[in-house]
Amino acid sequence: MKRDADKSPNTTDTPLSDLIAAHIASGSPGSWARFLDGFRKAQVGVVAVGVPAEVDGEFVSTADLPVSVGLTQHAGGRPMALAFTDLEGFAARLGRPFNAALAGEALLGTVLLNPDCAGVLVNSALAEVSVVIDRATVDCLVRPVGERPAGKP
């Protein structure tokens with residue numbers, strides 16, 4: 001693990017990917033909860049569809065210039081939002097398939113705005129592995145308990 005001199009000994013350049021690796025290794029509910037908490041707080045890479053090519057820097061989606069998050073087909077063809085962890089680390093190790101950054105919490109909210117989206121496919125910066133945050137989990141993370149739709153009887 002490479003560390004910079006100005007970073008604390010417990011800091012890496014791939015904190016979210018480290019949480020994915022820890023969850024894959026343990027499979028415990030605690031490691032999954034730590035990953036989900038880290039995802040919500042992190043900036044993740046996304047494929048923004050509709051951003052004008054000449055834009056370099058921050059861009060705000062408007063009614064006149066709408067932007068959407070790119071989807072991928074996963075697990076039986078289900079559409080999922082595509083996310084990339086640890087932007088700089090991902091770009092250095094695996095290239096830069098994303099063209100925008102978005103807060104993980106905002107991406108989760110975006111999933112709920114698209115009724116066909118089945119969740120988020122989160123790609124690690126450390127290796128070509130990914131984890132899925134399914135729509136039910138997204139719903140639990142984003143909506144307060146009183147606002148969740150009633151389950152089937």
# chains A, B, ... in the order shown; residues from 1 in each chain; ligands from 1
call {"tool": "closest_atom_pairs", "arguments": {"of": "range 117-143 of chain A", "to": "range 66-87 of chain A", "cutoff": "7 Å", "atoms": "only C-alpha atoms", "output": "CSV"}}
result
residue,atom,partner,partner_atom,distance
A:Cys117,CA,A:Pro79,CA,5.2
A:Ala118,CA,A:Met80,CA,5.3
A:Gly119,CA,A:Met80,CA,5.0
A:Val120,CA,A:Ala81,CA,4.6
A:Leu121,CA,A:Leu82,CA,5.1
A:Val122,CA,A:Ala83,CA,4.8
A:Asn123,CA,A:Phe84,CA,4.9
A:Ser124,CA,A:Thr85,CA,5.5
A:Ala125,CA,A:Thr85,CA,5.8
call {"tool": "residues_around", "arguments": {"residues": "range 24-32 of chain A", "least_positions_apart": "6", "cutoff": "10 Å", "atoms": "only C-alpha atoms", "output": "list in words"}}
result
Asp18, Gly38, Val129, Ser130, Val131 and Ile133 of chain A
call {"tool": "residues_around", "arguments": {"residues": "Asp37 in chain A", "least_positions_apart": "4", "cutoff": "10 Å", "atoms": "only C-alpha atoms", "output": "compact mmCIF listing (two decimals) with all heavy atoms, in the first residue's frame"}}
result
# COMPACT_ATOMS: atom_id res chain seq x y z
N LEU A 16 -12.69 4.06 -0.40
CA LEU A 16 -13.93 3.36 -0.72
C LEU A 16 -13.63 1.98 -1.32
O LEU A 16 -14.31 0.99 -0.99
CB LEU A 16 -14.79 4.20 -1.68
CG LEU A 16 -16.24 3.79 -1.82
CD1 LEU A 16 -16.95 3.68 -0.47
CD2 LEU A 16 -16.97 4.79 -2.71
N LEU A 19 -12.88 -0.36 1.38
CA LEU A 19 -14.09 -0.87 2.03
C LEU A 19 -14.74 -1.99 1.21
O LEU A 19 -15.27 -2.95 1.77
CB LEU A 19 -15.08 0.26 2.27
CG LEU A 19 -14.67 1.29 3.34
CD1 LEU A 19 -15.61 2.49 3.32
CD2 LEU A 19 -14.61 0.64 4.71
N SER A 31 -19.20 -5.05 7.63
CA SER A 31 -18.36 -4.53 6.54
C SER A 31 -19.23 -3.91 5.45
O SER A 31 -18.87 -2.92 4.83
CB SER A 31 -17.46 -5.62 5.96
OG SER A 31 -18.22 -6.64 5.32
N TRP A 32 -20.41 -4.49 5.21
CA TRP A 32 -21.35 -3.93 4.23
C TRP A 32 -21.86 -2.57 4.70
O TRP A 32 -21.93 -1.61 3.93
CB TRP A 32 -22.49 -4.91 3.99
CG TRP A 32 -23.50 -4.45 2.97
CD1 TRP A 32 -24.82 -4.24 3.18
CD2 TRP A 32 -23.27 -4.15 1.59
NE1 TRP A 32 -25.43 -3.83 2.02
CE2 TRP A 32 -24.51 -3.78 1.03
CE3 TRP A 32 -22.14 -4.17 0.77
CZ2 TRP A 32 -24.65 -3.41 -0.31
CZ3 TRP A 32 -22.28 -3.82 -0.58
CH2 TRP A 32 -23.52 -3.44 -1.09
N ALA A 33 -22.20 -2.45 5.98
CA ALA A 33 -22.67 -1.18 6.53
C ALA A 33 -21.59 -0.11 6.44
O ALA A 33 -21.88 1.05 6.12
CB ALA A 33 -23.12 -1.38 7.98
N LYS A 41 -20.99 9.09 1.64
CA LYS A 41 -20.18 10.28 1.93
C LYS A 41 -19.16 10.60 0.85
O LYS A 41 -18.59 11.69 0.84
CB LYS A 41 -19.46 10.09 3.27
CG LYS A 41 -20.40 9.97 4.44
CD LYS A 41 -19.65 9.62 5.71
CE LYS A 41 -20.61 9.43 6.87
NZ LYS A 41 -19.91 8.95 8.08
N ALA A 42 -18.90 9.67 -0.05
CA ALA A 42 -17.83 9.81 -1.04
C ALA A 42 -18.29 10.53 -2.31
O ALA A 42 -19.47 10.57 -2.63
CB ALA A 42 -17.30 8.43 -1.42
N GLY A 104 -22.02 10.36 -3.56
CA GLY A 104 -22.68 9.06 -3.49
C GLY A 104 -24.13 9.19 -3.06
O GLY A 104 -25.02 8.54 -3.62
N GLU A 105 -24.39 10.04 -2.08
CA GLU A 105 -25.76 10.27 -1.60
C GLU A 105 -26.66 10.77 -2.73
O GLU A 105 -27.81 10.33 -2.87
CB GLU A 105 -25.75 11.29 -0.45
CG GLU A 105 -27.09 11.50 0.20
CD GLU A 105 -27.46 10.41 1.18
OE1 GLU A 105 -26.55 9.81 1.80
OE2 GLU A 105 -28.66 10.14 1.35
N LEU A 141 -31.66 3.49 2.38
CA LEU A 141 -30.64 4.48 2.70
C LEU A 141 -31.11 5.91 2.49
O LEU A 141 -30.71 6.82 3.21
CB LEU A 141 -29.39 4.25 1.84
CG LEU A 141 -28.59 2.99 2.12
CD1 LEU A 141 -27.55 2.78 1.04
CD2 LEU A 141 -27.95 3.06 3.50
call {"tool": "select_by_dssp", "arguments": {"residues": "range 26-137 of chain A", "states": "helix (DSSP H, G or I)", "output": "PDB file with N, CA and C atoms, in the first residue's frame"}}
result
ATOM      1  N   SER A  26     -14.706 -10.337   3.999  1.00  0.00           N
ATOM      2  CA  SER A  26     -15.415 -10.818   5.184  1.00  0.00           C
ATOM      3  C   SER A  26     -16.864 -11.189   4.915  1.00  0.00           C
ATOM      4  N   PRO A  29     -22.195  -8.325   7.726  1.00  0.00           N
ATOM      5  CA  PRO A  29     -23.104  -7.179   7.697  1.00  0.00           C
ATOM      6  C   PRO A  29     -22.404  -5.884   8.129  1.00  0.00           C
ATOM      7  N   GLY A  30     -21.467  -5.984   9.048  1.00  0.00           N
ATOM      8  CA  GLY A  30     -20.737  -4.801   9.498  1.00  0.00           C
ATOM      9  C   GLY A  30     -19.875  -4.198   8.403  1.00  0.00           C
ATOM     10  N   SER A  31     -19.199  -5.048   7.627  1.00  0.00           N
ATOM     11  CA  SER A  31     -18.363  -4.527   6.541  1.00  0.00           C
ATOM     12  C   SER A  31     -19.233  -3.909   5.446  1.00  0.00           C
ATOM     13  N   TRP A  32     -20.412  -4.489   5.212  1.00  0.00           N
ATOM     14  CA  TRP A  32     -21.349  -3.933   4.227  1.00  0.00           C
ATOM     15  C   TRP A  32     -21.864  -2.570   4.704  1.00  0.00           C
ATOM     16  N   ALA A  33     -22.199  -2.454   5.975  1.00  0.00           N
ATOM     17  CA  ALA A  33     -22.674  -1.185   6.534  1.00  0.00           C
ATOM     18  C   ALA A  33     -21.585  -0.112   6.444  1.00  0.00           C
ATOM     19  N   ARG A  34     -20.325  -0.480   6.712  1.00  0.00           N
ATOM     20  CA  ARG A  34     -19.222   0.486   6.609  1.00  0.00           C
ATOM     21  C   ARG A  34     -19.047   0.948   5.165  1.00  0.00           C
ATOM     22  N   PHE A  35     -19.167  -0.001   4.211  1.00  0.00           N
ATOM     23  CA  PHE A  35     -19.073   0.380   2.801  1.00  0.00           C
ATOM     24  C   PHE A  35     -20.202   1.337   2.435  1.00  0.00           C
ATOM     25  N   LEU A  36     -21.438   1.004   2.796  1.00  0.00           N
ATOM     26  CA  LEU A  36     -22.576   1.859   2.443  1.00  0.00           C
ATOM     27  C   LEU A  36     -22.423   3.257   3.029  1.00  0.00           C
ATOM     28  N   ASP A  37     -21.966   3.338   4.265  1.00  0.00           N
ATOM     29  CA  ASP A  37     -21.737   4.643   4.891  1.00  0.00           C
ATOM     30  C   ASP A  37     -20.662   5.413   4.129  1.00  0.00           C
ATOM     31  N   GLY A  38     -19.577   4.738   3.777  1.00  0.00           N
ATOM     32  CA  GLY A  38     -18.514   5.384   3.005  1.00  0.00           C
ATOM     33  C   GLY A  38     -18.988   5.821   1.634  1.00  0.00           C
ATOM     34  N   PHE A  39     -19.812   5.007   0.979  1.00  0.00           N
ATOM     35  CA  PHE A  39     -20.327   5.352  -0.341  1.00  0.00           C
ATOM     36  C   PHE A  39     -21.174   6.611  -0.270  1.00  0.00           C
ATOM     37  N   ARG A  40     -22.046   6.691   0.688  1.00  0.00           N
ATOM     38  CA  ARG A  40     -22.925   7.859   0.818  1.00  0.00           C
ATOM     39  C   ARG A  40     -22.115   9.144   0.963  1.00  0.00           C
ATOM     40  N   LYS A  41     -20.985   9.088   1.644  1.00  0.00           N
ATOM     41  CA  LYS A  41     -20.181  10.282   1.934  1.00  0.00           C
ATOM     42  C   LYS A  41     -19.157  10.599   0.853  1.00  0.00           C
ATOM     43  N   LEU A  87     -11.785   8.450  -7.360  1.00  0.00           N
ATOM     44  CA  LEU A  87     -11.572   8.969  -8.710  1.00  0.00           C
ATOM     45  C   LEU A  87     -10.119   8.993  -9.165  1.00  0.00           C
ATOM     46  N   GLU A  88      -9.250   9.594  -8.388  1.00  0.00           N
ATOM     47  CA  GLU A  88      -7.845   9.685  -8.805  1.00  0.00           C
ATOM     48  C   GLU A  88      -7.190   8.306  -8.854  1.00  0.00           C
ATOM     49  N   GLY A  89      -7.444   7.490  -7.842  1.00  0.00           N
ATOM     50  CA  GLY A  89      -6.883   6.142  -7.814  1.00  0.00           C
ATOM     51  C   GLY A  89      -7.420   5.293  -8.951  1.00  0.00           C
ATOM     52  N   PHE A  90      -8.714   5.427  -9.244  1.00  0.00           N
ATOM     53  CA  PHE A  90      -9.306   4.661 -10.337  1.00  0.00           C
ATOM     54  C   PHE A  90      -8.664   5.065 -11.657  1.00  0.00           C
ATOM     55  N   ALA A  91      -8.578   6.371 -11.899  1.00  0.00           N
ATOM     56  CA  ALA A  91      -8.002   6.862 -13.159  1.00  0.00           C
ATOM     57  C   ALA A  91      -6.554   6.409 -13.312  1.00  0.00           C
ATOM     58  N   ALA A  92      -5.780   6.437 -12.232  1.00  0.00           N
ATOM     59  CA  ALA A  92      -4.373   6.043 -12.300  1.00  0.00           C
ATOM     60  C   ALA A  92      -4.203   4.553 -12.568  1.00  0.00           C
ATOM     61  N   ARG A  93      -5.040   3.734 -11.964  1.00  0.00           N
ATOM     62  CA  ARG A  93      -4.878   2.284 -12.087  1.00  0.00           C
ATOM     63  C   ARG A  93      -5.610   1.672 -13.288  1.00  0.00           C
ATOM     64  N   LEU A  94      -6.822   2.165 -13.561  1.00  0.00           N
ATOM     65  CA  LEU A  94      -7.677   1.472 -14.521  1.00  0.00           C
ATOM     66  C   LEU A  94      -8.190   2.357 -15.659  1.00  0.00           C
ATOM     67  N   GLY A 104     -22.021  10.357  -3.560  1.00  0.00           N
ATOM     68  CA  GLY A 104     -22.682   9.063  -3.489  1.00  0.00           C
ATOM     69  C   GLY A 104     -24.133   9.194  -3.058  1.00  0.00           C
ATOM     70  N   GLU A 105     -24.395  10.037  -2.075  1.00  0.00           N
ATOM     71  CA  GLU A 105     -25.764  10.268  -1.596  1.00  0.00           C
ATOM     72  C   GLU A 105     -26.661  10.770  -2.727  1.00  0.00           C
ATOM     73  N   ALA A 106     -26.147  11.675  -3.564  1.00  0.00           N
ATOM     74  CA  ALA A 106     -26.929  12.204  -4.694  1.00  0.00           C
ATOM     75  C   ALA A 106     -27.190  11.108  -5.732  1.00  0.00           C
ATOM     76  N   LEU A 107     -26.206  10.247  -5.966  1.00  0.00           N
ATOM     77  CA  LEU A 107     -26.407   9.154  -6.916  1.00  0.00           C
ATOM     78  C   LEU A 107     -27.491   8.204  -6.421  1.00  0.00           C
ATOM     79  N   LEU A 108     -27.508   7.928  -5.138  1.00  0.00           N
ATOM     80  CA  LEU A 108     -28.546   7.060  -4.581  1.00  0.00           C
ATOM     81  C   LEU A 108     -29.924   7.684  -4.788  1.00  0.00           C
ATOM     82  N   GLY A 109     -30.039   8.982  -4.566  1.00  0.00           N
ATOM     83  CA  GLY A 109     -31.304   9.669  -4.800  1.00  0.00           C
ATOM     84  C   GLY A 109     -31.716   9.626  -6.254  1.00  0.00           C
ATOM     85  N   THR A 110     -30.752   9.707  -7.156  1.00  0.00           N
ATOM     86  CA  THR A 110     -31.026   9.656  -8.586  1.00  0.00           C
ATOM     87  C   THR A 110     -31.598   8.301  -8.983  1.00  0.00           C
ATOM     88  N   VAL A 111     -31.106   7.246  -8.371  1.00  0.00           N
ATOM     89  CA  VAL A 111     -31.619   5.900  -8.658  1.00  0.00           C
ATOM     90  C   VAL A 111     -33.125   5.854  -8.401  1.00  0.00           C
ATOM     91  N   LEU A 112     -33.556   6.445  -7.301  1.00  0.00           N
ATOM     92  CA  LEU A 112     -34.976   6.399  -6.963  1.00  0.00           C
ATOM     93  C   LEU A 112     -35.834   7.223  -7.913  1.00  0.00           C
ATOM     94  N   LEU A 113     -35.223   8.193  -8.609  1.00  0.00           N
ATOM     95  CA  LEU A 113     -35.971   8.996  -9.577  1.00  0.00           C
ATOM     96  C   LEU A 113     -36.246   8.235 -10.870  1.00  0.00           C
ATOM     97  N   ARG A 135     -31.790  -1.751  -5.427  1.00  0.00           N
ATOM     98  CA  ARG A 135     -32.778  -0.686  -5.269  1.00  0.00           C
ATOM     99  C   ARG A 135     -33.410  -0.687  -3.872  1.00  0.00           C
ATOM    100  N   ALA A 136     -33.684  -1.853  -3.325  1.00  0.00           N
ATOM    101  CA  ALA A 136     -34.275  -1.927  -1.988  1.00  0.00           C
ATOM    102  C   ALA A 136     -33.336  -1.317  -0.954  1.00  0.00           C
ATOM    103  N   THR A 137     -32.046  -1.577  -1.080  1.00  0.00           N
ATOM    104  CA  THR A 137     -31.067  -0.993  -0.165  1.00  0.00           C
ATOM    105  C   THR A 137     -30.987   0.514  -0.373  1.00  0.00           C
TER     106      THR A 137
END
call {"tool": "decode", "arguments": {"residues": "range 47-65 of chain A", "atoms": "N, CA and C atoms", "output": "mmCIF file, in the first residue's frame"}}
result
data_model
loop_
_atom_site.group_PDB
_atom_site.id
_atom_site.type_symbol
_atom_site.label_atom_id
_atom_site.label_comp_id
_atom_site.auth_asym_id
_atom_site.auth_seq_id
_atom_site.Cartn_x
_atom_site.Cartn_y
_atom_site.Cartn_z
ATOM 1 N N VAL A 47 -20.833 8.337 -15.403
ATOM 2 C CA VAL A 47 -20.872 8.720 -16.801
ATOM 3 C C VAL A 47 -22.075 9.648 -16.941
ATOM 4 N N ALA A 48 -21.784 10.935 -17.091
ATOM 5 C CA ALA A 48 -22.845 11.930 -17.234
ATOM 6 C C ALA A 48 -23.211 12.034 -18.707
ATOM 7 N N VAL A 49 -24.481 11.801 -19.017
ATOM 8 C CA VAL A 49 -24.977 11.840 -20.382
ATOM 9 C C VAL A 49 -25.687 13.177 -20.586
ATOM 10 N N GLY A 50 -25.280 13.901 -21.605
ATOM 11 C CA GLY A 50 -25.912 15.184 -21.903
ATOM 12 C C GLY A 50 -25.067 16.387 -21.559
ATOM 13 N N VAL A 51 -23.864 16.169 -21.009
ATOM 14 C CA VAL A 51 -22.969 17.290 -20.711
ATOM 15 C C VAL A 51 -22.330 17.739 -22.019
ATOM 16 N N PRO A 52 -22.421 19.035 -22.342
ATOM 17 C CA PRO A 52 -21.789 19.512 -23.575
ATOM 18 C C PRO A 52 -20.291 19.214 -23.583
ATOM 19 N N ALA A 53 -19.768 18.850 -24.737
ATOM 20 C CA ALA A 53 -18.361 18.442 -24.871
ATOM 21 C C ALA A 53 -17.388 19.526 -24.436
ATOM 22 N N GLU A 54 -17.746 20.793 -24.613
ATOM 23 C CA GLU A 54 -16.823 21.881 -24.299
ATOM 24 C C GLU A 54 -16.736 22.198 -22.805
ATOM 25 N N VAL A 55 -17.570 21.583 -21.986
ATOM 26 C CA VAL A 55 -17.576 21.858 -20.551
ATOM 27 C C VAL A 55 -16.352 21.234 -19.906
ATOM 28 N N ASP A 56 -15.632 22.065 -19.150
ATOM 29 C CA ASP A 56 -14.495 21.601 -18.361
ATOM 30 C C ASP A 56 -14.641 22.234 -16.988
ATOM 31 N N GLY A 57 -15.007 21.471 -16.012
ATOM 32 C CA GLY A 57 -15.270 22.007 -14.688
ATOM 33 C C GLY A 57 -16.687 21.684 -14.272
ATOM 34 N N GLU A 58 -17.192 22.453 -13.330
ATOM 35 C CA GLU A 58 -18.523 22.185 -12.796
ATOM 36 C C GLU A 58 -19.608 22.504 -13.817
ATOM 37 N N PHE A 59 -20.629 21.646 -13.855
ATOM 38 C CA PHE A 59 -21.767 21.834 -14.747
ATOM 39 C C PHE A 59 -23.022 21.512 -13.961
ATOM 40 N N VAL A 60 -24.041 22.364 -14.095
ATOM 41 C CA VAL A 60 -25.296 22.154 -13.393
ATOM 42 C C VAL A 60 -26.369 21.794 -14.413
ATOM 43 N N SER A 61 -27.061 20.711 -14.165
ATOM 44 C CA SER A 61 -28.156 20.280 -15.029
ATOM 45 C C SER A 61 -29.332 21.243 -14.870
ATOM 46 N N THR A 62 -29.941 21.619 -15.987
ATOM 47 C CA THR A 62 -31.108 22.501 -15.971
ATOM 48 C C THR A 62 -32.183 21.907 -16.874
ATOM 49 N N ALA A 63 -33.370 22.527 -16.874
ATOM 50 C CA ALA A 63 -34.446 22.062 -17.758
ATOM 51 C C ALA A 63 -34.036 22.208 -19.224
ATOM 52 N N ASP A 64 -33.271 23.258 -19.536
ATOM 53 C CA ASP A 64 -32.818 23.476 -20.912
ATOM 54 C C ASP A 64 -31.661 22.566 -21.299
ATOM 55 N N LEU A 65 -30.827 22.213 -20.350
ATOM 56 C CA LEU A 65 -29.682 21.327 -20.582
ATOM 57 C C LEU A 65 -29.703 20.196 -19.548
#
